[in-house]
>>> print(open('data32.cif').read())   # mmCIF, N, CA and C atoms
data_final
loop_
_atom_site.label_atom_id
_atom_site.label_comp_id
_atom_site.auth_asym_id
_atom_site.auth_seq_id
_atom_site.Cartn_x
_atom_site.Cartn_y
_atom_site.Cartn_z
N MET H 190 94.17 88.29 65.67
CA MET H 190 93.68 86.99 65.22
C MET H 190 92.45 86.62 66.05
N ILE H 191 91.47 86.07 65.38
CA ILE H 191 90.27 85.57 66.05
C ILE H 191 90.54 84.13 66.47
N LEU H 192 90.18 83.80 67.70
CA LEU H 192 90.44 82.48 68.26
C LEU H 192 89.14 81.83 68.70
N VAL H 193 89.04 80.51 68.48
CA VAL H 193 87.92 79.73 69.00
C VAL H 193 88.49 78.50 69.70
N ASP H 194 87.87 78.13 70.81
CA ASP H 194 88.30 76.92 71.50
C ASP H 194 87.40 75.76 71.09
N ARG H 195 87.60 74.62 71.71
CA ARG H 195 86.82 73.44 71.34
C ARG H 195 85.40 73.56 71.89
N LEU H 196 84.51 72.80 71.29
CA LEU H 196 83.13 72.77 71.76
C LEU H 196 83.06 72.04 73.09
N ARG H 197 82.21 72.56 73.97
CA ARG H 197 81.97 71.93 75.26
C ARG H 197 80.46 71.75 75.43
N ARG H 198 80.12 70.73 76.16
CA ARG H 198 78.70 70.49 76.43
C ARG H 198 78.28 71.24 77.69
N TYR H 199 77.24 72.03 77.57
CA TYR H 199 76.64 72.76 78.68
C TYR H 199 75.18 72.29 78.78
N PRO H 200 74.50 72.63 79.86
CA PRO H 200 73.09 72.22 79.97
C PRO H 200 72.23 72.66 78.79
N SER H 201 72.60 73.78 78.16
CA SER H 201 71.81 74.31 77.04
C SER H 201 72.31 73.81 75.68
N GLY H 202 73.31 72.92 75.66
CA GLY H 202 73.82 72.40 74.40
C GLY H 202 75.32 72.60 74.27
N TYR H 203 75.81 72.45 73.05
CA TYR H 203 77.25 72.61 72.78
C TYR H 203 77.56 74.04 72.40
N TRP H 204 78.65 74.55 72.99
CA TRP H 204 79.10 75.92 72.75
C TRP H 204 80.62 75.96 72.75
N CYS H 205 81.17 77.00 72.14
CA CYS H 205 82.58 77.33 72.30
C CYS H 205 82.67 78.84 72.48
N HIS H 206 83.88 79.31 72.75
CA HIS H 206 84.12 80.74 72.94
C HIS H 206 84.89 81.30 71.76
N MET H 207 84.61 82.54 71.43
CA MET H 207 85.35 83.25 70.38
C MET H 207 85.88 84.54 70.98
N VAL H 208 87.20 84.73 70.88
CA VAL H 208 87.85 85.93 71.40
C VAL H 208 88.84 86.44 70.36
N THR H 209 89.51 87.52 70.69
CA THR H 209 90.57 88.05 69.84
C THR H 209 91.85 88.17 70.65
N ASP H 210 92.98 88.04 69.97
CA ASP H 210 94.25 88.34 70.63
C ASP H 210 94.76 89.69 70.12
N SER H 211 93.85 90.45 69.52
CA SER H 211 94.19 91.75 68.96
C SER H 211 93.34 92.83 69.64
N THR H 212 92.41 93.41 68.88
CA THR H 212 91.60 94.51 69.41
C THR H 212 90.13 94.12 69.51
N PRO H 213 89.40 94.75 70.42
CA PRO H 213 87.96 94.49 70.49
C PRO H 213 87.25 94.77 69.16
N GLU H 214 87.71 95.77 68.44
CA GLU H 214 87.09 96.10 67.16
C GLU H 214 87.21 94.93 66.18
N GLU H 215 88.37 94.25 66.19
CA GLU H 215 88.55 93.09 65.31
C GLU H 215 87.51 92.02 65.65
N LEU H 216 87.31 91.78 66.93
CA LEU H 216 86.35 90.76 67.37
C LEU H 216 84.94 91.12 66.94
N HIS H 217 84.53 92.35 67.15
CA HIS H 217 83.17 92.77 66.80
C HIS H 217 82.95 92.76 65.29
N THR H 218 83.96 93.14 64.54
CA THR H 218 83.85 93.12 63.08
C THR H 218 83.71 91.69 62.57
N PHE H 219 84.49 90.79 63.13
CA PHE H 219 84.41 89.38 62.74
C PHE H 219 83.06 88.80 63.12
N ALA H 220 82.59 89.12 64.30
CA ALA H 220 81.28 88.64 64.75
C ALA H 220 80.18 89.11 63.80
N LEU H 221 80.27 90.34 63.35
CA LEU H 221 79.29 90.88 62.40
C LEU H 221 79.32 90.09 61.10
N ARG H 222 80.51 89.72 60.64
CA ARG H 222 80.64 88.89 59.42
C ARG H 222 79.96 87.53 59.61
N LEU H 223 79.95 87.03 60.84
CA LEU H 223 79.29 85.75 61.13
C LEU H 223 77.78 85.90 61.26
N GLY H 224 77.30 87.14 61.34
CA GLY H 224 75.88 87.36 61.51
C GLY H 224 75.45 87.49 62.96
N LEU H 225 76.43 87.67 63.85
CA LEU H 225 76.11 87.84 65.27
C LEU H 225 75.75 89.29 65.55
N ARG H 226 74.91 89.48 66.52
CA ARG H 226 74.53 90.83 66.96
C ARG H 226 75.43 91.26 68.11
N ARG H 227 75.67 92.52 68.22
CA ARG H 227 76.52 93.07 69.29
C ARG H 227 75.96 92.70 70.66
N GLU H 228 74.65 92.56 70.78
CA GLU H 228 74.03 92.21 72.05
C GLU H 228 74.43 90.80 72.51
N GLN H 229 74.94 90.00 71.60
CA GLN H 229 75.36 88.64 71.96
C GLN H 229 76.76 88.62 72.59
N PHE H 230 77.43 89.74 72.59
CA PHE H 230 78.76 89.84 73.18
C PHE H 230 78.65 89.66 74.69
N GLN H 231 79.49 88.79 75.22
CA GLN H 231 79.52 88.52 76.66
C GLN H 231 80.58 89.41 77.30
N ARG H 232 80.16 90.36 78.08
CA ARG H 232 81.10 91.30 78.71
C ARG H 232 81.65 90.71 80.02
N HIS H 233 82.12 89.51 79.92
CA HIS H 233 82.65 88.81 81.08
C HIS H 233 83.88 89.55 81.60
N GLU H 234 83.96 89.75 82.92
CA GLU H 234 85.05 90.55 83.49
C GLU H 234 86.42 89.92 83.33
N ARG H 235 86.50 88.60 83.22
CA ARG H 235 87.80 87.95 83.05
C ARG H 235 88.22 87.85 81.59
N LEU H 236 87.25 87.65 80.71
CA LEU H 236 87.57 87.54 79.29
C LEU H 236 86.31 87.78 78.44
N PRO H 237 86.14 88.98 77.93
CA PRO H 237 85.00 89.26 77.06
C PRO H 237 85.04 88.34 75.84
N HIS H 238 83.87 87.85 75.41
CA HIS H 238 83.85 86.87 74.32
C HIS H 238 82.45 86.77 73.72
N TYR H 239 82.39 86.07 72.62
CA TYR H 239 81.12 85.63 72.04
C TYR H 239 81.04 84.13 72.24
N ASP H 240 79.85 83.62 72.48
CA ASP H 240 79.61 82.18 72.52
C ASP H 240 79.14 81.76 71.14
N LEU H 241 79.64 80.61 70.67
CA LEU H 241 79.26 80.11 69.36
C LEU H 241 78.72 78.69 69.46
N ARG H 242 77.67 78.42 68.74
CA ARG H 242 77.15 77.07 68.57
C ARG H 242 78.04 76.36 67.53
N PRO H 243 77.93 75.04 67.42
CA PRO H 243 78.80 74.29 66.50
C PRO H 243 78.81 74.81 65.06
N HIS H 244 77.65 75.12 64.49
CA HIS H 244 77.64 75.58 63.10
C HIS H 244 78.32 76.93 62.94
N MET H 245 78.22 77.79 63.94
CA MET H 245 78.88 79.10 63.88
C MET H 245 80.39 78.95 64.07
N ARG H 246 80.80 77.99 64.89
CA ARG H 246 82.24 77.71 65.04
C ARG H 246 82.82 77.30 63.70
N GLU H 247 82.12 76.42 62.98
CA GLU H 247 82.59 75.99 61.67
C GLU H 247 82.69 77.16 60.70
N ARG H 248 81.72 78.05 60.72
CA ARG H 248 81.76 79.25 59.87
C ARG H 248 82.94 80.14 60.23
N ALA H 249 83.17 80.30 61.55
CA ALA H 249 84.29 81.13 61.99
C ALA H 249 85.62 80.55 61.49
N LEU H 250 85.76 79.25 61.59
CA LEU H 250 86.99 78.61 61.10
C LEU H 250 87.13 78.79 59.59
N ALA H 251 86.04 78.67 58.86
CA ALA H 251 86.07 78.85 57.41
C ALA H 251 86.46 80.28 57.03
N LEU H 252 86.12 81.23 57.90
CA LEU H 252 86.45 82.64 57.64
C LEU H 252 87.83 83.02 58.16
N GLY H 253 88.57 82.05 58.74
CA GLY H 253 89.94 82.33 59.14
C GLY H 253 90.25 82.33 60.62
N ALA H 254 89.27 82.04 61.46
CA ALA H 254 89.56 81.96 62.90
C ALA H 254 90.52 80.79 63.14
N GLU H 255 91.27 80.90 64.20
CA GLU H 255 92.24 79.86 64.57
C GLU H 255 91.67 79.02 65.71
N ALA H 256 91.70 77.71 65.55
CA ALA H 256 91.26 76.79 66.61
C ALA H 256 92.42 76.59 67.57
N VAL H 257 92.17 76.85 68.85
CA VAL H 257 93.19 76.72 69.88
C VAL H 257 92.58 76.03 71.10
N SER H 258 93.44 75.59 72.00
CA SER H 258 92.94 75.02 73.25
C SER H 258 92.30 76.12 74.09
N SER H 259 91.48 75.72 75.04
CA SER H 259 90.86 76.69 75.94
C SER H 259 91.91 77.46 76.72
N LYS H 260 92.96 76.77 77.11
CA LYS H 260 94.05 77.43 77.85
C LYS H 260 94.72 78.49 77.00
N GLU H 261 95.01 78.17 75.75
CA GLU H 261 95.64 79.12 74.83
C GLU H 261 94.70 80.28 74.52
N LEU H 262 93.42 79.99 74.31
CA LEU H 262 92.44 81.03 74.05
C LEU H 262 92.39 82.02 75.21
N PHE H 263 92.35 81.50 76.42
CA PHE H 263 92.27 82.38 77.59
C PHE H 263 93.56 83.20 77.73
N ARG H 264 94.72 82.56 77.56
CA ARG H 264 95.98 83.27 77.72
C ARG H 264 96.10 84.40 76.71
N ARG H 265 95.92 84.10 75.44
CA ARG H 265 96.08 85.10 74.40
C ARG H 265 94.98 86.16 74.46
N GLY H 266 93.76 85.74 74.70
CA GLY H 266 92.66 86.69 74.80
C GLY H 266 92.80 87.60 76.00
N ARG H 267 93.24 87.04 77.10
CA ARG H 267 93.42 87.82 78.33
C ARG H 267 94.52 88.87 78.16
N GLU H 268 95.62 88.49 77.52
CA GLU H 268 96.71 89.45 77.28
C GLU H 268 96.22 90.62 76.43
N ALA H 269 95.45 90.33 75.40
CA ALA H 269 94.91 91.40 74.55
C ALA H 269 93.91 92.26 75.32
N PHE H 270 93.05 91.62 76.11
CA PHE H 270 92.05 92.35 76.88
C PHE H 270 92.71 93.28 77.90
N LEU H 271 93.70 92.79 78.61
CA LEU H 271 94.40 93.63 79.58
C LEU H 271 95.14 94.76 78.90
N GLY H 272 95.70 94.48 77.73
CA GLY H 272 96.39 95.54 76.96
C GLY H 272 95.42 96.62 76.51
N ALA H 273 94.23 96.21 76.10
CA ALA H 273 93.21 97.18 75.64
C ALA H 273 92.71 98.03 76.79
N ARG H 274 92.62 97.43 77.97
CA ARG H 274 92.13 98.18 79.15
C ARG H 274 93.15 99.22 79.59
N GLY H 275 94.44 98.95 79.35
CA GLY H 275 95.49 99.86 79.79
C GLY H 275 95.67 101.05 78.88
N GLN H 276 95.02 101.04 77.72
CA GLN H 276 95.20 102.13 76.77
C GLN H 276 94.34 103.31 77.11
#
>>> encode(input="data32.cif", output="structure tokens")
Amino acid sequence: MILVDRLRRYPSGYWCHMVTDSTPEELHTFALRLGLRREQFQRHERLPHYDLRPHMRERALALGAEAVSSKELFRRGREAFLGARGQ
């Protein structure tokens, strides 16, 4: 499942995070459907993700992403990420 958290205000504007609780391939495929480039993927060591602006978050939700709290996004995304690293 693709997950997005709530929008937060940063110095550069409003953003949210998009992760998967499944496989990295699912995340990259979904990002491609949104029109994101692979270079936009954030290879963050704690939780790899894509950053989304408000209009992209709305598109992700329309395409079936699940809106969750930041805590839930991190927990579920982290479990999937650690599982993928162990394979």
>>> resolve_selection(input="data32.cif", expression="the PyMOL selection byres (((chain H and resi 267 and name CA) around 9) and name CA)", output="ChimeraX atom specification")
/H:209-210,235-237,262-266,268-272
>>> residues_around(input="data32.cif", residues="H:Leu223", least_positions_apart="5", cutoff="7 Å", atoms="only N, CA and C atoms", output="NGL selection string")
:H and (218 or 248-249)
>>> select_by_dssp(input="data32.cif", residues="stretch 207-272 of chain H", states="strand (DSSP E)", output="short mmCIF file (atom, residue, chain, number, x, y, z; two decimals) with N, CA and C atoms, keeping the file's coordinate frame")
data_model
loop_
_atom_site.label_atom_id
_atom_site.label_comp_id
_atom_site.auth_asym_id
_atom_site.auth_seq_id
_atom_site.Cartn_x
_atom_site.Cartn_y
_atom_site.Cartn_z
N MET H 207 84.61 82.54 71.43
CA MET H 207 85.35 83.25 70.38
C MET H 207 85.88 84.54 70.98
N VAL H 208 87.20 84.73 70.88
CA VAL H 208 87.85 85.93 71.40
C VAL H 208 88.84 86.44 70.36
N THR H 209 89.51 87.52 70.69
CA THR H 209 90.57 88.05 69.84
C THR H 209 91.85 88.17 70.65
N PHE H 230 77.43 89.74 72.59
CA PHE H 230 78.76 89.84 73.18
C PHE H 230 78.65 89.66 74.69
N GLN H 231 79.49 88.79 75.22
CA GLN H 231 79.52 88.52 76.66
C GLN H 231 80.58 89.41 77.30
N HIS H 238 83.87 87.85 75.41
CA HIS H 238 83.85 86.87 74.32
C HIS H 238 82.45 86.77 73.72
N TYR H 239 82.39 86.07 72.62
CA TYR H 239 81.12 85.63 72.04
C TYR H 239 81.04 84.13 72.24
N ASP H 240 79.85 83.62 72.48
CA ASP H 240 79.61 82.18 72.52
C ASP H 240 79.14 81.76 71.14
N LEU H 241 79.64 80.61 70.67
CA LEU H 241 79.26 80.11 69.36
C LEU H 241 78.72 78.69 69.46
N GLU H 255 91.27 80.90 64.20
CA GLU H 255 92.24 79.86 64.57
C GLU H 255 91.67 79.02 65.71
N ALA H 256 91.70 77.71 65.55
CA ALA H 256 91.26 76.79 66.61
C ALA H 256 92.42 76.59 67.57
#
>>> select_by_dssp(input="data32.cif", residues="chain H", states="alpha helix (DSSP H)", output="ChimeraX atom specification")
/H:213-223,243-251,259-274
>>> atom_distance(input="data32.cif", atom1="atom C of H:Thr212", atom2="atom N of H:Ala273")
8.0 Å
>>> resolve_selection(input="data32.cif", expression="the PyMOL selection byres (((chain H and resi 192 and name CA) around 8) and name CA)", output="number ranges by chain")
H: 190-191, 193-194, 207-210, 254-257, 262
>>> closest_residue(input="data32.cif", among="H:Arg197, H:Ala220, H:Ser211, H:Glu261", to="H:Tyr239", atoms="all atoms listed in the file")
H:Ala220
>>> atom_distance(input="data32.cif", atom1="atom CA of H:Gly253", atom2="atom CA of H:Ser201")
26.7 Å
>>> axis_aligned_box(input="data32.cif", around="stretch 242-259 of chain H", padding_each_side="5 Å", output="JSON")
{"center_x": 85.3, "center_y": 78.7, "center_z": 66.9, "size_x": 26.3, "size_y": 18.7, "size_z": 29.7}
>>> atom_distance(input="data32.cif", atom1="atom CA of H:Leu241", atom2="atom CA of H:Glu214")
17.9 Å
>>> closest_residue(input="data32.cif", among="H:Leu216, H:Arg222, H:His244, H:Gln231", to="H:Trp204", atoms="only C-alpha atoms")
H:His244
>>> closest_residue(input="data32.cif", among="H:Arg226, H:Tyr199, H:Cys205, H:Pro213", to="H:Glu247", atoms="only C-alpha atoms")
H:Cys205
>>> closest_residue(input="data32.cif", among="H:Pro243, H:Arg227, H:His217, H:His238", to="H:Gly202", atoms="only N, CA and C atoms")
H:Pro243
>>> decode(input="data32.cif", residues="chain H", atoms="C-alpha atoms", output="short mmCIF file (atom, residue, chain, number, x, y, z; two decimals), in the first residue's frame")
data_model
loop_
_atom_site.label_atom_id
_atom_site.label_comp_id
_atom_site.auth_asym_id
_atom_site.auth_seq_id
_atom_site.Cartn_x
_atom_site.Cartn_y
_atom_site.Cartn_z
CA MET H 190 0.00 0.00 0.00
CA ILE H 191 1.18 3.51 -0.80
CA LEU H 192 1.03 5.86 2.18
CA VAL H 193 1.05 9.65 2.45
CA ASP H 194 1.17 11.70 5.62
CA ARG H 195 -0.28 15.15 6.23
CA LEU H 196 1.13 18.26 4.64
CA ARG H 197 3.69 20.17 6.68
CA ARG H 198 5.06 23.63 6.19
CA TYR H 199 8.78 23.82 5.45
CA PRO H 200 10.85 26.88 4.47
CA SER H 201 10.37 25.90 0.81
CA GLY H 202 6.58 25.44 1.11
CA TYR H 203 4.15 22.66 1.94
CA TRP H 204 5.21 19.04 1.50
CA CYS H 205 4.26 15.55 2.61
CA HIS H 206 6.01 12.18 2.38
CA MET H 207 5.04 9.20 0.25
CA VAL H 208 6.26 5.72 1.19
CA THR H 209 5.21 2.11 0.77
CA ASP H 210 4.47 -0.57 3.33
CA SER H 211 5.16 -3.14 0.63
CA THR H 212 8.05 -3.18 -1.85
CA PRO H 213 10.29 -0.45 -3.26
CA GLU H 214 9.09 -1.45 -6.73
CA GLU H 215 5.50 -0.64 -5.74
CA LEU H 216 6.59 2.83 -4.59
CA HIS H 217 8.56 3.58 -7.76
CA THR H 218 5.76 2.33 -10.01
CA PHE H 219 3.22 4.49 -8.20
CA ALA H 220 5.53 7.50 -8.36
CA LEU H 221 5.85 7.00 -12.12
CA ARG H 222 2.03 7.01 -12.41
CA LEU H 223 2.09 10.39 -10.63
CA GLY H 224 4.62 11.72 -13.12
CA LEU H 225 7.55 11.76 -10.69
CA ARG H 226 11.07 11.03 -11.85
CA ARG H 227 13.20 8.40 -10.15
CA GLU H 228 15.75 11.15 -9.38
CA GLN H 229 13.17 12.68 -7.03
CA PHE H 230 13.37 9.63 -4.76
CA GLN H 231 14.87 10.52 -1.39
CA ARG H 232 17.28 7.77 -0.35
CA HIS H 233 17.01 8.75 3.28
CA GLU H 234 18.77 6.20 5.50
CA ARG H 235 15.90 6.02 8.01
CA LEU H 236 13.02 5.92 5.55
CA PRO H 237 13.38 6.21 1.77
CA HIS H 238 10.52 8.29 0.34
CA TYR H 239 9.26 10.75 -2.21
CA ASP H 240 8.30 14.28 -1.20
CA LEU H 241 4.99 15.53 -2.58
CA ARG H 242 3.58 19.01 -2.97
CA PRO H 243 -0.13 19.49 -2.11
CA HIS H 244 -1.44 18.92 -5.65
CA MET H 245 0.58 15.71 -6.00
CA ARG H 246 -0.68 14.48 -2.62
CA GLU H 247 -4.24 14.96 -3.88
CA ARG H 248 -3.42 13.00 -7.05
CA ALA H 249 -1.84 10.22 -5.00
CA LEU H 250 -4.97 9.96 -2.87
CA ALA H 251 -7.16 9.91 -5.98
CA LEU H 252 -5.05 7.03 -7.33
CA GLY H 253 -5.53 5.01 -4.14
CA ALA H 254 -2.83 6.07 -1.68
CA GLU H 255 -3.84 5.89 1.97
CA ALA H 256 -3.66 9.01 4.15
CA VAL H 257 -2.09 8.17 7.51
CA SER H 258 -0.47 10.02 10.39
CA SER H 259 3.26 10.70 10.19
CA LYS H 260 3.79 8.22 13.01
CA GLU H 261 1.87 5.48 11.16
CA LEU H 262 3.65 6.29 7.89
CA PHE H 263 7.04 5.98 9.54
CA ARG H 264 6.15 2.77 11.40
CA ARG H 265 4.70 0.95 8.40
CA GLY H 266 7.24 2.30 5.93
CA ARG H 267 10.14 1.48 8.22
CA GLU H 268 8.96 -2.12 8.72
CA ALA H 269 8.76 -2.60 4.95
CA PHE H 270 12.14 -0.92 4.39
CA LEU H 271 13.87 -3.08 6.99
CA GLY H 272 12.22 -6.18 5.54
CA ALA H 273 13.43 -5.28 2.04
CA ARG H 274 16.98 -4.72 3.29
CA GLY H 275 17.04 -8.16 4.93
CA GLN H 276 16.20 -9.97 1.71
#
